[in-house]
There are 2 protein chains.
Amino acid sequence: MATKARRTDALSRELIIEAAIQILDTDGEDALTLRALTIRLSTGYGALYHHVANKSDLLLAAADDVIARVMTDVAEDAEPRERLRAVALSLFDAINAHPWIGAQLSREPWQPALLEIYESIGEQLEALNVPEQAMFDSAGALVNYILGVAGQNAANARVRAHTEGDRTTSLAAIAAQWAQLDPGKYPRLHKTAAQLREHDDRRQFLAGIELFLAGIETVHRKAENH
Amino acid sequence: MATKARRTDALSRELIIEAAIQILDTDGEDALTLRALTIRLSTGYGALYHHVANKSDLLLAAADDVIARVMTDVAEDAEPRERLRAVALSLFDAINAHPWIGAQLSREPWQPALLEIYESIGEQLEALNVPEQAMFDSAGALVNYILGVAGQNAANARVRAHTEGDRTTSLAAIAAQWAQLDPGKYPRLHKTAAQLREHDDRRQFLAGIELFLAGIETVHRKAENH
DNA sequence: ACCTGAACACCGTTCAAGT
DNA sequence: ACCTGAACACCGTTCAAGT
């Protein structure tokens, strides 16, 4: 039945990373085990460890692989504000398509994928004339916001993988829970249940970016007038 | 040597959660294993599973325990803007003192601890007269920013636990790496190395909150004039 | 009801042995 | 140099058996 044929072509770090990304994308974070990789690549553990230091190294490389591709694909022509939105949305879409990245980005600080993100966000803010001394804080705030959304996204993908039903039904279930919360203890959540059910993640993400942009501009302008 | 005396008083869910928090705080996320808990509480696995559904349930409860305490301790008297800052800083300090919470908050969506956070942030924004229809997006953005910082914080704590040296030395090491980055590929990171070494996490966190507040006010005011 | 602790089904990682 | 796969040291969780 199952072919146990040994692979004929040589294994490589790139092949391993590619296979890892495919497992992560199709079957989720939990499905990526070293054993799953040996099966998919028709090889042994030692072969994997010959090309990759350990599982953490592999995840670092997989995340950077995806993020680096996204960050270089940014439209060059648009107006600065529009370009920042485009970069943010590209990141959001990539994280949406590969939710495991959301968890990975907060696993290891200053990993390659994060450096790519910081550099690109910094570039866009520079084009927006954010002054030098405000740069560090502005970029940090923006990236942390994106990482926060990314993390929540990964968490949502995780539960959706473990339960049946699509986004709409699982959102409806949460909204129903909110509606049943004690209005005395959680008046605002209780009231917001309907909005939660109907909200659009992508739209909401962009609304947050707009708040940031407005804040950055305001603080920047104030600094100019003083 | 090691006393193997069986515990005399009854075990309880509260005792288990308390012990878990202590292990997490003193020895880090990785140190919390079911086995470590049986040793600390002088009990067996079955006893733990009698009071707690599983490890995930335990972590949910531990995080909510800490967050709920923080969220109820908020100063009542201050001016709305000041109170929002106070809530944000309380959260930051709690996450700093218990960095494992940062990881936990993005493990399970809509967990109790997150509900507490959303409700409290919503309350502060309401006091700031954020209009109803802007509430959902504003609170979402703010909370996601906080969660992003929390996650990075947890990641930093994790590496600091696995390597020797305090915050200053590990920051210096990262800064040195940034300084060595190819200025052609990472011009902004390369330039920012010195700032990274000297930055204050808490101050930077608050700067991000200020950007948000400025953005929320600006967008709000614009909506009024239309 | 509450608890004990051996056993089970998994992990990531190592390493002697092969080509 | 590159690879195989048994073995090791761990996990979280279960469950028959005890009080």
# chains A, B, ... in the order shown; residues from 1 in each chain; ligands from 1
>>> closest_atom_pairs(of="chain D", to="chain A", cutoff="10 Å", atoms="only C-alpha atoms (C1' of nucleotides)", output="Markdown table")
| residue | atom | partner | partner_atom | distance |
| --- | --- | --- | --- | --- |
| D:DA1 | C1' | A:His50 | CA | 9.8 |
| D:DC2 | C1' | A:Ala47 | CA | 7.1 |
| D:DC3 | C1' | A:Ala47 | CA | 5.3 |
| D:DT4 | C1' | A:Gly44 | CA | 5.8 |
| D:DG5 | C1' | A:Gly44 | CA | 6.8 |
>>> write_last_selection(atoms="all heavy atoms", output="compact mmCIF listing (two decimals), in the first residue's frame")
# COMPACT_ATOMS: atom_id res chain seq x y z
P DA D 1 32.61 16.03 5.54
OP1 DA D 1 32.33 16.35 6.85
OP2 DA D 1 33.75 15.72 4.81
O5' DA D 1 31.28 15.95 4.65
C5' DA D 1 31.16 16.65 3.45
C4' DA D 1 29.99 16.11 2.68
O4' DA D 1 29.98 14.67 2.72
C3' DA D 1 28.63 16.55 3.21
O3' DA D 1 27.77 16.71 2.08
C2' DA D 1 28.21 15.38 4.10
C1' DA D 1 28.81 14.19 3.35
N9 DA D 1 29.23 13.09 4.23
C8 DA D 1 29.99 13.19 5.34
N7 DA D 1 30.23 12.04 5.93
C5 DA D 1 29.56 11.11 5.12
C6 DA D 1 29.43 9.72 5.20
N6 DA D 1 30.00 8.98 6.15
N1 DA D 1 28.69 9.12 4.24
C2 DA D 1 28.15 9.87 3.28
N3 DA D 1 28.21 11.20 3.10
C4 DA D 1 28.94 11.75 4.07
P DC D 2 26.30 17.29 2.19
OP1 DC D 2 25.84 17.81 0.89
OP2 DC D 2 26.30 18.15 3.40
O5' DC D 2 25.46 15.98 2.50
C5' DC D 2 25.04 15.16 1.42
C4' DC D 2 24.41 13.92 1.97
O4' DC D 2 25.28 13.31 2.93
C3' DC D 2 23.10 14.15 2.72
O3' DC D 2 22.05 13.68 1.90
C2' DC D 2 23.26 13.38 4.04
C1' DC D 2 24.48 12.52 3.78
N1 DC D 2 25.29 12.14 4.96
C2 DC D 2 25.40 10.79 5.32
O2 DC D 2 24.80 9.94 4.64
N3 DC D 2 26.14 10.44 6.40
C4 DC D 2 26.78 11.38 7.10
N4 DC D 2 27.51 10.99 8.15
C5 DC D 2 26.69 12.75 6.75
C6 DC D 2 25.94 13.09 5.68
P DC D 3 20.54 13.87 2.34
OP1 DC D 3 19.67 13.79 1.16
OP2 DC D 3 20.48 15.04 3.24
O5' DC D 3 20.31 12.56 3.20
C5' DC D 3 20.39 11.31 2.53
C4' DC D 3 20.42 10.20 3.54
O4' DC D 3 21.47 10.42 4.49
C3' DC D 3 19.17 10.05 4.41
O3' DC D 3 18.39 8.99 3.87
C2' DC D 3 19.70 9.77 5.81
C1' DC D 3 21.19 9.58 5.59
N1 DC D 3 22.05 9.95 6.73
C2 DC D 3 22.48 8.96 7.61
O2 DC D 3 22.12 7.79 7.41
N3 DC D 3 23.28 9.29 8.65
C4 DC D 3 23.67 10.57 8.82
N4 DC D 3 24.46 10.86 9.86
C5 DC D 3 23.25 11.60 7.93
C6 DC D 3 22.45 11.25 6.92
P DT D 4 16.96 8.64 4.50
OP1 DT D 4 16.15 8.03 3.44
OP2 DT D 4 16.47 9.83 5.22
O5' DT D 4 17.31 7.54 5.58
C5' DT D 4 17.79 6.26 5.16
C4' DT D 4 17.94 5.34 6.35
O4' DT D 4 18.94 5.89 7.23
C3' DT D 4 16.67 5.22 7.19
O3' DT D 4 16.24 3.87 7.17
C2' DT D 4 17.07 5.69 8.59
C1' DT D 4 18.58 5.61 8.56
N1 DT D 4 19.31 6.62 9.39
C2 DT D 4 20.08 6.19 10.45
O2 DT D 4 20.19 5.02 10.77
N3 DT D 4 20.72 7.19 11.13
C4 DT D 4 20.68 8.55 10.85
O4 DT D 4 21.30 9.37 11.52
C5 DT D 4 19.85 8.93 9.73
C7 DT D 4 19.73 10.37 9.34
C6 DT D 4 19.21 7.95 9.06
P DG D 5 14.73 3.49 7.51
OP1 DG D 5 14.48 2.18 6.85
OP2 DG D 5 13.85 4.64 7.24
O5' DG D 5 14.80 3.25 9.09
C5' DG D 5 15.82 2.41 9.61
C4' DG D 5 15.87 2.53 11.12
O4' DG D 5 16.59 3.72 11.51
C3' DG D 5 14.50 2.66 11.81
O3' DG D 5 14.59 2.01 13.08
C2' DG D 5 14.36 4.16 12.01
C1' DG D 5 15.79 4.47 12.42
N9 DG D 5 16.17 5.86 12.34
C8 DG D 5 15.60 6.86 11.59
N7 DG D 5 16.17 8.02 11.74
C5 DG D 5 17.20 7.77 12.64
C6 DG D 5 18.16 8.65 13.18
O6 DG D 5 18.32 9.85 12.96
N1 DG D 5 19.02 7.99 14.06
C2 DG D 5 18.96 6.65 14.38
N2 DG D 5 19.85 6.19 15.23
N3 DG D 5 18.06 5.82 13.87
C4 DG D 5 17.21 6.45 13.02
>>> calpha_fit_and_write(fixed="chain A", moving="chain B", output="short mmCIF file (atom, residue, chain, number, x, y, z; two decimals) with C-alpha atoms, in the first residue's frame")
data_model
loop_
_atom_site.label_atom_id
_atom_site.label_comp_id
_atom_site.auth_asym_id
_atom_site.auth_seq_id
_atom_site.Cartn_x
_atom_site.Cartn_y
_atom_site.Cartn_z
CA MET B 1 -0.07 0.14 -0.07
CA ALA B 2 1.89 3.08 1.26
CA THR B 3 5.02 3.49 -0.80
CA LYS B 4 8.09 3.38 1.38
CA ALA B 5 10.42 4.22 -1.49
CA ARG B 6 13.44 6.14 -0.38
CA ARG B 7 13.76 9.55 -2.03
CA THR B 8 16.10 9.66 -5.02
CA ASP B 9 16.94 13.37 -5.24
CA ALA B 10 18.97 15.07 -2.52
CA LEU B 11 17.31 16.68 0.47
CA SER B 12 17.97 20.35 1.18
CA ARG B 13 17.15 22.99 3.75
CA GLU B 14 14.90 24.72 1.22
CA LEU B 15 12.93 21.54 0.54
CA ILE B 16 12.42 20.97 4.24
CA ILE B 17 11.21 24.54 4.82
CA GLU B 18 8.86 24.29 1.87
CA ALA B 19 7.38 21.03 3.15
CA ALA B 20 7.00 22.51 6.63
CA ILE B 21 5.10 25.51 5.28
CA GLN B 22 2.79 23.21 3.37
CA ILE B 23 2.02 21.12 6.45
CA LEU B 24 1.48 24.25 8.56
CA ASP B 25 -0.84 25.80 5.98
CA THR B 26 -2.97 22.77 5.26
CA ASP B 27 -3.07 20.97 8.60
CA GLY B 28 -2.22 23.65 11.17
CA GLU B 29 0.49 24.29 13.74
CA ASP B 30 -0.04 21.11 15.72
CA ALA B 31 0.37 18.96 12.62
CA LEU B 32 3.97 20.02 12.08
CA THR B 33 5.95 17.32 13.86
CA LEU B 34 9.34 16.00 12.96
CA ARG B 35 7.73 12.66 12.33
CA ALA B 36 5.21 14.17 9.89
CA LEU B 37 8.14 15.73 8.04
CA THR B 38 10.04 12.45 7.76
CA ILE B 39 6.95 10.84 6.24
CA ARG B 40 6.21 13.64 3.78
CA LEU B 41 9.83 13.83 2.67
CA SER B 42 10.40 10.06 2.78
CA THR B 43 13.45 10.44 4.96
CA GLY B 44 14.71 9.97 8.52
CA TYR B 45 15.22 12.20 11.53
CA GLY B 46 18.95 12.47 11.08
CA ALA B 47 18.52 13.73 7.53
CA LEU B 48 16.32 16.56 8.76
CA TYR B 49 18.71 17.47 11.57
CA HIS B 50 21.53 17.52 9.06
CA HIS B 51 19.96 20.50 7.27
CA VAL B 52 18.13 22.18 10.12
CA ALA B 53 19.34 22.87 13.66
CA ASN B 54 16.06 22.08 15.41
CA LYS B 55 12.33 22.69 15.19
CA SER B 56 12.62 26.28 16.37
CA ASP B 57 15.15 27.03 13.63
CA LEU B 58 12.78 25.51 11.10
CA LEU B 59 9.84 27.65 12.23
CA LEU B 60 11.99 30.79 12.19
CA ALA B 61 12.99 30.06 8.61
CA ALA B 62 9.45 29.19 7.52
CA ALA B 63 8.03 32.43 8.89
CA ASP B 64 10.80 34.52 7.36
CA ASP B 65 10.35 32.79 4.02
CA VAL B 66 6.72 33.85 3.83
CA ILE B 67 7.17 37.34 5.30
CA ALA B 68 10.17 38.20 3.15
CA ARG B 69 8.18 37.37 0.03
CA VAL B 70 5.31 39.56 1.18
CA MET B 71 7.50 42.52 2.12
CA THR B 72 9.31 42.66 -1.23
CA ASP B 73 6.06 42.53 -3.21
CA VAL B 74 4.95 45.98 -2.08
CA ALA B 75 3.65 48.43 -4.69
CA GLU B 76 6.19 51.18 -5.31
CA ASP B 77 4.15 53.80 -7.07
CA ALA B 78 1.39 54.76 -4.65
CA GLU B 79 1.21 57.77 -2.36
CA PRO B 80 2.97 57.24 1.06
CA ARG B 81 -0.18 56.92 3.16
CA GLU B 82 -1.64 54.54 0.64
CA ARG B 83 1.56 52.54 0.59
CA LEU B 84 1.59 52.13 4.35
CA ARG B 85 -1.97 50.84 4.15
CA ALA B 86 -0.90 48.45 1.41
CA VAL B 87 2.00 47.09 3.47
CA ALA B 88 -0.23 46.63 6.50
CA LEU B 89 -2.92 44.90 4.48
CA SER B 90 -0.38 42.63 2.77
CA LEU B 91 0.82 41.58 6.19
CA PHE B 92 -2.72 41.03 7.40
CA ASP B 93 -3.55 38.91 4.37
CA ALA B 94 -0.37 36.86 4.69
CA ILE B 95 -1.05 36.20 8.36
CA ASN B 96 -4.60 35.27 7.49
CA ALA B 97 -3.44 32.82 4.86
CA HIS B 98 -0.76 31.39 7.17
CA PRO B 99 -2.15 31.84 10.68
CA TRP B 100 0.69 29.86 12.28
CA ILE B 101 2.90 32.89 11.56
CA GLY B 102 0.92 34.83 14.14
CA ALA B 103 2.05 32.44 16.86
CA GLN B 104 5.57 32.17 15.50
CA LEU B 105 6.18 35.93 15.53
CA SER B 106 5.73 36.10 19.27
CA ARG B 107 7.74 32.98 19.94
CA GLU B 108 11.19 34.44 19.33
CA PRO B 109 12.02 38.15 19.67
CA TRP B 110 13.96 39.87 16.89
CA GLN B 111 13.68 36.91 14.59
CA PRO B 112 14.38 37.55 10.87
CA ALA B 113 10.70 37.85 9.94
CA LEU B 114 10.29 40.60 12.56
CA LEU B 115 13.29 42.48 11.25
CA GLU B 116 11.78 42.49 7.77
CA ILE B 117 8.55 43.85 9.18
CA TYR B 118 10.24 46.59 11.23
CA GLU B 119 12.40 47.67 8.32
CA SER B 120 9.46 47.91 5.93
CA ILE B 121 7.17 49.73 8.36
CA GLY B 122 10.04 52.08 9.16
CA GLU B 123 10.47 52.76 5.45
CA GLN B 124 6.82 53.67 5.01
CA LEU B 125 6.81 55.93 8.06
CA GLU B 126 9.90 57.67 6.76
CA ALA B 127 8.09 58.37 3.49
CA LEU B 128 5.32 59.87 5.61
CA ASN B 129 7.84 62.32 7.05
CA VAL B 130 7.56 61.01 10.59
CA PRO B 131 10.36 62.89 12.34
CA GLU B 132 13.46 60.99 13.37
CA GLN B 133 12.90 61.18 17.11
CA ALA B 134 9.31 59.93 16.81
CA MET B 135 10.28 57.06 14.54
CA PHE B 136 11.24 54.50 17.16
CA ASP B 137 8.01 54.79 19.12
CA SER B 138 5.77 55.07 16.06
CA ALA B 139 7.18 52.03 14.32
CA GLY B 140 7.13 50.07 17.57
CA ALA B 141 3.48 50.91 18.20
CA LEU B 142 2.43 50.06 14.68
CA VAL B 143 4.29 46.76 14.60
CA ASN B 144 3.01 45.76 18.01
CA TYR B 145 -0.54 46.46 16.87
CA ILE B 146 -0.01 44.26 13.83
CA LEU B 147 1.51 41.52 15.98
CA GLY B 148 -1.43 41.69 18.36
CA VAL B 149 -3.87 41.18 15.52
CA ALA B 150 -1.65 38.41 14.16
CA GLY B 151 -1.69 36.58 17.48
CA GLN B 152 -5.45 36.77 17.85
CA ASN B 153 -5.78 35.60 14.29
CA ALA B 154 -3.65 32.55 15.00
CA ALA B 155 -5.72 31.77 18.08
CA ASN B 156 -8.93 31.96 16.07
CA ALA B 157 -7.54 29.70 13.38
CA ARG B 158 -6.53 27.21 16.06
CA VAL B 159 -10.02 26.85 17.52
CA ARG B 160 -11.58 26.75 14.07
CA ALA B 161 -9.30 23.83 13.22
CA HIS B 162 -10.29 21.93 16.35
CA THR B 163 -14.05 22.50 16.04
CA GLU B 164 -16.25 22.04 13.03
CA GLY B 165 -18.00 24.99 11.38
CA ASP B 166 -16.74 27.99 9.47
CA ARG B 167 -15.92 31.52 10.63
CA THR B 168 -19.53 32.65 10.57
CA THR B 169 -20.84 29.87 12.79
CA SER B 170 -18.01 30.09 15.29
CA LEU B 171 -18.43 33.88 15.49
CA ALA B 172 -22.13 33.42 16.04
CA ALA B 173 -21.38 31.02 18.88
CA ILE B 174 -19.10 33.56 20.60
CA ALA B 175 -21.64 36.33 20.03
CA ALA B 176 -24.31 34.18 21.66
CA GLN B 177 -22.02 33.70 24.66
CA TRP B 178 -21.46 37.46 24.91
CA ALA B 179 -25.19 38.07 24.74
CA GLN B 180 -25.60 35.78 27.75
CA LEU B 181 -22.94 37.54 29.83
CA ASP B 182 -24.19 39.21 32.98
CA PRO B 183 -25.08 42.78 31.89
CA GLY B 184 -24.19 43.95 35.38
CA LYS B 185 -20.63 42.68 35.17
CA TYR B 186 -20.00 43.04 31.43
CA PRO B 187 -22.40 45.75 30.19
CA ARG B 188 -20.32 46.72 27.17
CA LEU B 189 -19.56 43.22 25.93
CA HIS B 190 -23.20 42.27 26.41
CA LYS B 191 -24.23 45.23 24.27
CA THR B 192 -21.61 44.57 21.60
CA ALA B 193 -22.58 40.94 20.91
CA ALA B 194 -24.48 41.76 17.70
CA GLN B 195 -21.63 43.87 16.35
CA LEU B 196 -19.17 41.08 17.05
CA ARG B 197 -21.20 38.64 15.00
CA GLU B 198 -21.28 40.89 11.97
CA HIS B 199 -17.84 42.45 12.07
CA ASP B 200 -15.25 42.11 9.31
CA ASP B 201 -11.74 41.38 10.62
CA ARG B 202 -9.99 42.95 7.68
CA ARG B 203 -12.04 46.13 7.82
CA GLN B 204 -11.50 46.39 11.58
CA PHE B 205 -7.77 45.87 11.15
CA LEU B 206 -7.63 48.74 8.67
CA ALA B 207 -9.65 50.95 11.00
CA GLY B 208 -6.95 50.42 13.63
CA ILE B 209 -4.28 51.40 11.12
CA GLU B 210 -6.22 54.59 10.39
CA LEU B 211 -6.35 55.46 14.09
CA PHE B 212 -2.58 55.08 14.22
CA LEU B 213 -2.01 57.18 11.15
CA ALA B 214 -4.25 59.91 12.55
CA GLY B 215 -2.41 59.76 15.85
CA ILE B 216 1.01 59.89 14.27
CA GLU B 217 0.05 62.88 12.13
CA THR B 218 -1.49 64.76 15.05
CA VAL B 219 1.44 64.25 17.39
CA HIS B 220 3.83 65.12 14.58
CA ARG B 221 1.99 68.35 13.75
CA LYS B 222 1.87 69.37 17.41
CA ALA B 223 5.65 68.89 17.66
CA GLU B 224 6.14 71.15 14.63
CA ASN B 225 4.15 74.01 16.13
CA HIS B 226 6.10 74.04 19.36
#
>>> atom_distance(atom1="C1' of DA16 in chain D", atom2="C1' of DA7 in chain C")
10.5 Å
>>> atom_distance(atom1="C1' of DC15 in chain D", atom2="C1' of DC10 in chain C")
17.4 Å
